[in-house]
Each structure stands twice: as C-alpha cells, then as structure tokens.
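Novice: entry_6.tsv (TSV, C-alpha atoms) pasted underneath:
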chain	number	residue	atom	x	y	z
X	241	MET	CA	13.45	-26.33	5.53
X	242	MET	CA	10.53	-25.46	3.26
X	243	THR	CA	11.11	-25.44	-0.50
X	244	ASP	CA	7.73	-24.10	-1.64
X	245	ARG	CA	7.20	-21.15	0.68
X	246	SER	CA	3.69	-20.19	-0.46
X	247	LEU	CA	0.99	-20.92	2.12
X	248	ARG	CA	-2.24	-21.68	0.28
X	249	SER	CA	-4.20	-23.85	2.69
X	250	ALA	CA	-4.49	-24.71	6.39
X	251	ALA	CA	-2.47	-27.87	5.74
X	252	ASP	CA	0.51	-25.79	4.61
X	253	LEU	CA	0.66	-24.15	8.04
X	254	ASP	CA	1.85	-27.41	9.62
X	255	ALA	CA	5.32	-26.79	8.21
X	256	LEU	CA	5.70	-23.48	10.05
X	257	ARG	CA	7.92	-23.17	13.13
X	258	PHE	CA	5.89	-21.33	15.77
X	259	ASP	CA	7.58	-20.26	19.02
X	260	GLU	CA	6.90	-21.76	22.44
X	261	GLN	CA	3.73	-19.67	22.69
X	262	GLY	CA	2.50	-20.90	19.34
X	263	LEU	CA	3.19	-17.57	17.64
X	264	LEU	CA	5.29	-16.13	14.85
X	265	PRO	CA	5.67	-12.61	13.38
X	266	VAL	CA	3.72	-11.65	10.27
X	267	VAL	CA	5.00	-8.84	8.04
X	268	ALA	CA	2.21	-7.17	6.05
X	269	GLN	CA	3.41	-5.72	2.74
X	270	ASP	CA	1.40	-3.73	0.21
X	271	ALA	CA	1.14	-5.97	-2.86
X	272	SER	CA	0.86	-2.94	-5.14
X	273	SER	CA	3.53	-0.56	-3.88
X	274	GLY	CA	5.84	-2.89	-1.97
X	275	ARG	CA	5.59	-0.78	1.20
X	276	VAL	CA	5.91	-2.62	4.50
X	277	LEU	CA	2.74	-1.67	6.35
X	278	MET	CA	2.94	-3.32	9.76
X	279	VAL	CA	4.24	-6.28	11.78
X	280	ALA	CA	2.15	-8.27	14.26
X	281	TRP	CA	1.90	-11.74	15.77
X	282	ALA	CA	-0.22	-14.62	14.57
X	283	ASN	CA	-0.86	-18.18	15.63
X	284	LYS	CA	-1.96	-21.05	13.43
X	285	ASP	CA	-5.65	-20.23	13.88
X	286	ALA	CA	-5.10	-16.61	12.84
X	287	LEU	CA	-3.28	-17.64	9.68
X	288	ALA	CA	-5.96	-20.23	8.89
X	289	LYS	CA	-8.62	-17.54	9.35
X	290	SER	CA	-6.69	-15.22	7.04
X	291	LEU	CA	-6.61	-17.88	4.33
X	292	GLU	CA	-10.28	-18.70	4.84
X	293	THR	CA	-11.59	-15.11	4.72
X	294	ALA	CA	-8.94	-13.44	2.50
X	295	GLU	CA	-8.61	-10.76	5.21
X	296	LEU	CA	-5.57	-10.59	7.45
X	297	HIS	CA	-6.04	-11.80	11.05
X	298	PHE	CA	-3.61	-11.74	13.97
X	299	TRP	CA	-3.36	-12.93	17.55
X	300	SER	CA	-3.48	-10.37	20.36
X	301	ARG	CA	-0.94	-11.31	23.04
X	302	SER	CA	-2.48	-8.86	25.52
X	303	ARG	CA	-6.11	-9.93	25.05
X	304	LYS	CA	-5.31	-13.55	24.24
X	305	ALA	CA	-7.73	-13.42	21.35
X	306	LEU	CA	-7.95	-13.54	17.57
X	307	TRP	CA	-8.43	-10.17	15.88
X	308	LYS	CA	-9.00	-8.97	12.34
X	309	LYS	CA	-7.02	-5.98	11.17
X	310	GLY	CA	-9.51	-3.16	10.56
X	311	GLU	CA	-12.31	-4.80	12.53
X	312	THR	CA	-13.05	-1.49	14.25
X	313	SER	CA	-11.69	1.09	11.81
X	314	GLY	CA	-12.80	-0.63	8.63
X	315	ASN	CA	-9.23	-0.41	7.28
X	316	VAL	CA	-8.91	-4.12	6.58
X	317	LEU	CA	-5.95	-5.71	4.83
X	318	GLU	CA	-7.24	-7.82	1.96
X	319	LEU	CA	-5.01	-10.87	1.65
X	320	ARG	CA	-3.44	-11.69	-1.69
X	321	SER	CA	-0.94	-14.34	-0.59
X	322	LEU	CA	1.04	-15.74	2.35
X	323	HIS	CA	4.68	-16.80	2.20
X	324	ALA	CA	6.99	-18.37	4.77
X	325	ASP	CA	10.60	-17.26	5.04
X	326	CYS	CA	13.54	-19.64	4.55
X	327	ASP	CA	13.45	-20.77	8.20
X	328	ALA	CA	9.65	-21.07	8.26
X	329	ASP	CA	9.46	-18.96	11.42
X	330	THR	CA	8.24	-15.68	9.86
X	331	VAL	CA	5.41	-15.07	7.41
X	332	LEU	CA	5.11	-12.42	4.72
X	333	ALA	CA	1.53	-11.38	3.93
X	334	MET	CA	1.01	-9.66	0.59
X	335	VAL	CA	-2.07	-7.47	1.01
X	336	GLU	CA	-4.17	-4.70	-0.51
X	337	PRO	CA	-4.93	-2.10	2.19
X	338	THR	CA	-8.39	-0.51	2.18
X	339	GLY	CA	-7.18	2.45	4.24
X	340	PRO	CA	-4.30	3.51	6.50
X	341	ALA	CA	-2.61	0.51	8.10
X	342	CYS	CA	-1.54	2.35	11.24
X	343	HIS	CA	-3.89	3.33	14.08
X	344	THR	CA	-2.37	6.83	13.91
X	345	GLY	CA	-3.90	7.31	10.47
X	346	GLU	CA	-0.60	7.00	8.60
X	347	ALA	CA	-0.28	4.68	5.64
X	348	THR	CA	2.21	2.46	7.48
X	349	CYS	CA	3.23	1.85	11.07
X	350	PHE	CA	6.75	2.95	10.15
X	351	GLY	CA	5.87	6.56	9.36
X	352	ALA	CA	5.70	8.66	6.24
X	353	ASP	CA	9.49	8.67	5.80
X	354	ALA	CA	9.44	4.91	5.20
X	355	THR	CA	7.00	5.10	2.30
X	356	GLY	CA	8.98	7.32	-0.04
X	357	ALA	CA	7.70	10.56	-1.53
X	358	LEU	CA	5.92	8.95	-4.48
X	359	ASP	CA	4.18	6.31	-2.39
X	360	GLY	CA	3.27	8.89	0.22
X	361	LEU	CA	1.72	11.19	-2.38
X	362	TRP	CA	-0.19	8.30	-3.94
X	363	SER	CA	-1.52	7.30	-0.51
X	364	VAL	CA	-2.89	10.81	0.00
X	365	ILE	CA	-4.55	10.79	-3.42
X	366	GLU	CA	-6.04	7.33	-2.75
X	367	GLU	CA	-7.40	8.53	0.59
X	368	ARG	CA	-8.98	11.58	-1.06
X	369	ALA	CA	-10.53	9.30	-3.67
X	370	ARG	CA	-12.07	7.16	-0.91
X	371	THR	CA	-13.42	10.00	1.23
X	372	LEU	CA	-13.81	12.89	-1.27
X	373	PRO	CA	-13.59	15.61	1.43
X	374	GLU	CA	-15.21	18.88	0.49
X	375	GLY	CA	-12.84	21.79	-0.03
X	376	SER	CA	-9.99	19.52	-1.13
X	377	TYR	CA	-8.27	20.45	-4.39
X	378	THR	CA	-7.59	16.75	-5.04
X	379	THR	CA	-11.29	15.99	-4.63
X	380	LYS	CA	-12.05	18.71	-7.18
X	381	LEU	CA	-9.60	17.16	-9.65
X	382	LEU	CA	-10.93	13.63	-9.13
X	383	ARG	CA	-14.51	14.75	-9.75
X	384	ASP	CA	-13.77	16.72	-12.93
X	385	GLU	CA	-12.03	15.00	-15.85
X	386	ASN	CA	-11.85	18.18	-17.93
X	387	LEU	CA	-10.13	20.01	-15.06
X	388	ARG	CA	-7.66	17.14	-14.59
X	389	LEU	CA	-6.66	17.18	-18.27
X	390	LYS	CA	-6.52	20.98	-18.42
X	391	LYS	CA	-4.24	21.20	-15.37
X	392	LEU	CA	-2.06	18.37	-16.68
X	393	GLY	CA	-1.50	20.33	-19.88
X	394	GLU	CA	-0.81	23.57	-18.01
X	395	GLU	CA	1.69	21.97	-15.65
X	396	THR	CA	3.48	20.25	-18.56
X	397	ALA	CA	3.80	23.58	-20.37
X	398	GLU	CA	5.12	25.31	-17.25
X	399	LEU	CA	7.77	22.63	-16.78
X	400	VAL	CA	8.80	22.91	-20.44
X	401	VAL	CA	9.21	26.69	-20.04
X	402	ALA	CA	11.32	26.24	-16.90
X	403	LEU	CA	13.50	23.65	-18.66
X	404	THR	CA	13.90	25.90	-21.70
X	405	ARG	CA	15.02	28.77	-19.50
X	406	GLY	CA	17.29	26.54	-17.44
X	407	ASP	CA	15.63	27.87	-14.29
X	408	LYS	CA	17.19	25.69	-11.59
X	409	GLU	CA	14.78	26.93	-8.90
X	410	ARG	CA	11.58	26.52	-10.91
X	411	ILE	CA	12.37	23.17	-12.53
X	412	PRO	CA	11.99	21.09	-9.29
X	413	GLU	CA	8.82	22.99	-8.34
X	414	GLU	CA	7.21	22.61	-11.77
X	415	ALA	CA	8.27	18.95	-11.98
X	416	ALA	CA	6.69	18.28	-8.57
X	417	ASP	CA	3.47	20.01	-9.66
X	418	LEU	CA	3.38	17.92	-12.83
X	419	ILE	CA	3.95	14.65	-10.94
X	420	TYR	CA	1.10	15.46	-8.54
X	421	HIS	CA	-1.32	16.29	-11.36
X	422	LEU	CA	-0.17	13.24	-13.32
X	423	LEU	CA	-0.92	10.93	-10.38
X	424	ALA	CA	-4.29	12.59	-9.83
X	425	ALA	CA	-5.11	12.07	-13.51
X	426	VAL	CA	-4.03	8.42	-13.35
X	427	LYS	CA	-6.17	7.82	-10.25
X	428	GLY	CA	-9.09	9.69	-11.78
X	429	SER	CA	-8.96	7.38	-14.79
X	430	GLY	CA	-9.29	4.33	-12.53
X	431	VAL	CA	-5.72	3.10	-13.04
X	432	ASP	CA	-3.55	2.14	-10.06
X	433	LEU	CA	-0.01	3.37	-9.56
X	434	HIS	CA	1.35	-0.18	-9.51
X	435	ALA	CA	0.23	-0.64	-13.13
X	436	VAL	CA	2.44	2.29	-14.12
X	437	LEU	CA	5.36	1.01	-12.05
X	438	ASP	CA	4.95	-2.52	-13.45
X	439	THR	CA	5.12	-1.10	-16.97
X	440	LEU	CA	8.30	0.80	-16.13
X	441	ASP	CA	9.80	-2.28	-14.53
X	442	GLY	CA	8.92	-4.37	-17.57
X	443	ARG	CA	10.66	-1.89	-19.86
X	444	ARG	CA	13.73	-1.86	-17.62
X	445	ARG	CA	13.94	-5.64	-17.76
What's the structure tokens form of this structure?
Specialist:
Amino acid sequence: MMTDRSLRSAADLDALRFDEQGLLPVVAQDASSGRVLMVAWANKDALAKSLETAELHFWSRSRKALWKKGETSGNVLELRSLHADCDADTVLAMVEPTGPACHTGEATCFGADATGALDGLWSVIEERARTLPEGSYTTKLLRDENLRLKKLGEETAELVVALTRGDKERIPEEAADLIYHLLAAVKGSGVDLHAVLDTLDGRRR
C-alpha cells in the first residue's frame, strides 16, 4: 500500500496497480471548483506523458492509442497534480480545464446537475469570457467595468428593497440577479471564483 500518494515522476508510477490490460481509471477533477469533470482510462505511458507535458493524456481502448484530452477541440486539461488512491489502482488528476470537459459542450461529462448552480453559472461566465460572443449580456458586462459596477450597485439596492418589504417572491429573484452580477464583476476583475471560495473556507476554519 502506498503511503505518499502523490505521483510526481515516472518512477512513482511503478507503485501503481494496473489491471491485466495495463490500465487503470483516471478521475479528472477541477482543481479550482472541485467538480469531477470526467473519467477515462490510462496506462503507464499516458500517465508519464501527462507528467512530462503537464497536460492530461489517456489511453484509448478502442483505438489502442495514446490521446491527449482536447487534442482536437482545444479544451485541454492542464495538469496540476496526480494522486493514487489507497489501493493504488485508481488515479485522481487535479486539473485546470481550458474549456468544457465533455464532448457535448457541457462543463463536465456528468451533466449540469452535477456541477451545482454556482459552479454552473461560473462556467457559463468563464466561457463567455473566453469567447466574448456578440449580443451576449455577459460579454457586455465583461467588456465594460463601469457597467459592471453600476449594475452591481443597482442589483444590491433592489435586493435591499425586497428584503425591507419582506417580499418573499422578489427576494430570491433579486438575490439571484445580484449573485450573477457579482460573479461577472469578480471575473471581470481577473479574480477566479476559487479565490473567493478559499477565502470563505479559511474564515470558516
């Protein structure tokens, strides 16, 4: 049984317990949000390539070939660290996704319901920031700091009014509007959501 489960070099891979086909499952997890993005198979060469290039690689059982996640789409998974589980027969890859992890265009292969509302909203805002589609309200916010701050103030005031009136119908709607504009403002400032969540977690501890 492995005691230090971090996999930092090709030599560390010798301790892993691959199956009879020389494979084991790799779970890719977003290092920032904690979302599980996808699960695929890898052999020793794929893991070594991941460590060497800092981009996640797998082994295709159908094509019998090494493949890099995002090789065609450009949505690579930038590797932050690899970790073996307690039995050394499964690997956890902590990654930073550069786009949707699923071939369907969703953030994860497990669907939007698995990401949570906050993570799902942040994923949409991140995607808008990468592509800046014309006609998108989020794009407009991200391009205009004055608009972001103005809307943040307006939405805060509207929530305060709803809370003051005890309006049970408007409070959730205004709170949702404020959260959206808050996340857009955070992204527009160049700060990642995980920095906010880390701060909250630190205060909780």
Novice: Have a look at X:Ala328, X:Lys408, X:Lys308, X:Ser272 and name the one nearest to Leu437 in chain X; count all atoms listed in the file.
Specialist: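 The shortest atom-to-atom distance to Leu437 in chain X comes from X:Ser272.
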Novice: Please list as a PDB file with C-alpha atoms, keeping the file's coordinate frame every residue within 9 Å of range 398-404 of chain X, counting all atoms listed in the file and excluding residues in the same chain fewer than 4 positions away.
Specialist:
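Result written to selection_15.pdb:
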ATOM      1  CA  GLY X 393      -1.500  20.330 -19.880  1.00  0.00           C
ATOM      2  CA  GLU X 394      -0.810  23.570 -18.010  1.00  0.00           C
ATOM      3  CA  LYS X 408      17.190  25.690 -11.590  1.00  0.00           C
ATOM      4  CA  GLU X 409      14.780  26.930  -8.900  1.00  0.00           C
ATOM      5  CA  ARG X 410      11.580  26.520 -10.910  1.00  0.00           C
ATOM      6  CA  ILE X 411      12.370  23.170 -12.530  1.00  0.00           C
ATOM      7  CA  PRO X 412      11.990  21.090  -9.290  1.00  0.00           C
ATOM      8  CA  GLU X 413       8.820  22.990  -8.340  1.00  0.00           C
ATOM      9  CA  GLU X 414       7.210  22.610 -11.770  1.00  0.00           C
ATOM     10  CA  ALA X 415       8.270  18.950 -11.980  1.00  0.00           C
ATOM     11  CA  ASP X 417       3.470  20.010  -9.660  1.00  0.00           C
ATOM     12  CA  LEU X 418       3.380  17.920 -12.830  1.00  0.00           C
TER      13      LEU X 418
END
Novice: Pick out the closest residue to Gly310 in chain X from this set: X:Pro340, X:Arg257, X:Ser246, X:Lys284. Count only C-alpha atoms.
Specialist: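 Once distances to Gly310 in chain X are computed over only C-alpha atoms, the minimum belongs to X:Pro340.
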Novice: How many Å lie between CA of Tyr420 in chain X and CA of Leu317 in chain X, rounded to one decimal?
Specialist: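 CA of Leu317 in chain X lies at a distance of 26.0 Å from CA of Tyr420 in chain X.
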Novice: Which of these residues is nearest to Arg275 in chain X, using only C-alpha atoms: X:Leu358, X:Ala288, X:Leu440, X:Leu381?
Specialist: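 Counting only C-alpha atoms, the residue closest to Arg275 in chain X is X:Leu358.
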Novice: Excluding same-chain residues fewer than 6 positions from Ser273 in chain X, what lies within 9 Å of it counting all atoms listed in the file, as JSON, numbers by chain?
Specialist: {"X": [359, 433, 434, 437]}
Novice: Have a look at CA of Val279 in chain X and CA of Val267 in chain X and let me know their distance in Å, one decimal.
Specialist: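 Computing the Euclidean distance for CA of Val279 in chain X and CA of Val267 in chain X yields 4.6 Å.
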Novice: Using CA of Glu295 in chain X and CA of Asp441 in chain X as the two end points, give the distance in Å to one decimal.
Specialist: 28.3 Å
Novice: With distances taken over all atoms listed in the file, which of X:Gly406, X:Ala397, X:Ile365, X:Met334 is nearest to Gly274 in chain X?
Specialist: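 Of X:Gly406, X:Ala397, X:Ile365, X:Met334, the one nearest Gly274 in chain X is X:Met334, counting all atoms listed in the file.
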Novice: Between X:Thr330, X:His343, X:Ala425, X:Val431, which is the closest to Lys390 in chain X once you count only C-alpha atoms?
Specialist: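 Among the listed residues, X:Ala425 lies closest to Lys390 in chain X.
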Novice: Between X:Asp384, X:Glu346, X:Asp325, X:Asp259, which has the minimum distance to Met278 in chain X (counting all atoms listed in the file)?
Specialist: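 Among the listed residues, the smallest separation from Met278 in chain X belongs to X:Glu346.
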Novice: Excluding same-chain residues fewer than 5 positions from Leu332 in chain X, what lies within 10 Å of it counting all atoms listed in the file, as a count of residues only?
Specialist: 15
Novice: Give me the residues within 12 Å of Glu311 in chain X as a ChimeraX atom specification, counting only C-alpha atoms and dropping any in the same chain fewer than 5 places off.
Specialist: /X:295-298,306,316-317,338,341,343
Novice: Pick out the residues sitting within 12 Å of Ala357 in chain X, and hand them over as a PyMOL selection string; count all atoms listed in the file, and ignore anything fewer than 5 positions along from it in its own chain.
Specialist: chain X and resi 275+351-352+362-364+416+419-420
Novice: Produce range 379-399 of chain X of the given structure as output with N, CA and C atoms, as a short mmCIF file (atom, residue, chain, number, x, y, z; two decimals), in the first residue's frame.
Specialist:
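The resulting out.cif:
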data_model
loop_
_atom_site.label_atom_id
_atom_site.label_comp_id
_atom_site.auth_asym_id
_atom_site.auth_seq_id
_atom_site.Cartn_x
_atom_site.Cartn_y
_atom_site.Cartn_z
N THR X 379 -21.04 39.26 -22.09
CA THR X 379 -19.93 39.86 -22.83
C THR X 379 -19.91 41.37 -22.62
N LYS X 380 -21.08 41.98 -22.68
CA LYS X 380 -21.20 43.43 -22.49
C LYS X 380 -20.69 43.83 -21.10
N LEU X 381 -21.06 43.06 -20.08
CA LEU X 381 -20.59 43.34 -18.73
C LEU X 381 -19.08 43.19 -18.61
N LEU X 382 -18.56 42.11 -19.18
CA LEU X 382 -17.12 41.83 -19.07
C LEU X 382 -16.28 42.87 -19.78
N ARG X 383 -16.81 43.49 -20.80
CA ARG X 383 -16.07 44.50 -21.56
C ARG X 383 -16.14 45.89 -20.95
N ASP X 384 -17.07 46.12 -20.03
CA ASP X 384 -17.33 47.47 -19.54
C ASP X 384 -17.33 47.49 -18.01
N GLU X 385 -16.24 47.95 -17.42
CA GLU X 385 -16.12 47.96 -15.96
C GLU X 385 -17.16 48.89 -15.33
N ASN X 386 -17.37 50.05 -15.92
CA ASN X 386 -18.36 50.99 -15.37
C ASN X 386 -19.76 50.37 -15.33
N LEU X 387 -20.11 49.64 -16.40
CA LEU X 387 -21.42 48.97 -16.44
C LEU X 387 -21.50 47.90 -15.36
N ARG X 388 -20.44 47.13 -15.20
CA ARG X 388 -20.42 46.07 -14.18
C ARG X 388 -20.69 46.65 -12.79
N LEU X 389 -19.98 47.73 -12.45
CA LEU X 389 -20.11 48.33 -11.13
C LEU X 389 -21.48 48.99 -10.95
N LYS X 390 -21.97 49.62 -12.01
CA LYS X 390 -23.29 50.26 -11.95
C LYS X 390 -24.38 49.22 -11.70
N LYS X 391 -24.33 48.11 -12.45
CA LYS X 391 -25.34 47.07 -12.30
C LYS X 391 -25.23 46.39 -10.93
N LEU X 392 -24.01 46.24 -10.45
CA LEU X 392 -23.82 45.62 -9.13
C LEU X 392 -24.48 46.48 -8.06
N GLY X 393 -24.33 47.79 -8.17
CA GLY X 393 -24.98 48.69 -7.22
C GLY X 393 -26.49 48.64 -7.33
N GLU X 394 -27.00 48.63 -8.57
CA GLU X 394 -28.45 48.59 -8.78
C GLU X 394 -29.06 47.31 -8.21
N GLU X 395 -28.41 46.19 -8.50
CA GLU X 395 -28.96 44.91 -8.04
C GLU X 395 -28.91 44.80 -6.52
N THR X 396 -27.87 45.37 -5.91
CA THR X 396 -27.78 45.38 -4.44
C THR X 396 -28.94 46.18 -3.85
N ALA X 397 -29.18 47.35 -4.44
CA ALA X 397 -30.27 48.21 -3.95
C ALA X 397 -31.62 47.52 -4.10
N GLU X 398 -31.83 46.83 -5.22
CA GLU X 398 -33.11 46.15 -5.45
C GLU X 398 -33.32 45.01 -4.45
N LEU X 399 -32.24 44.31 -4.10
CA LEU X 399 -32.36 43.25 -3.10
C LEU X 399 -32.67 43.85 -1.72
#
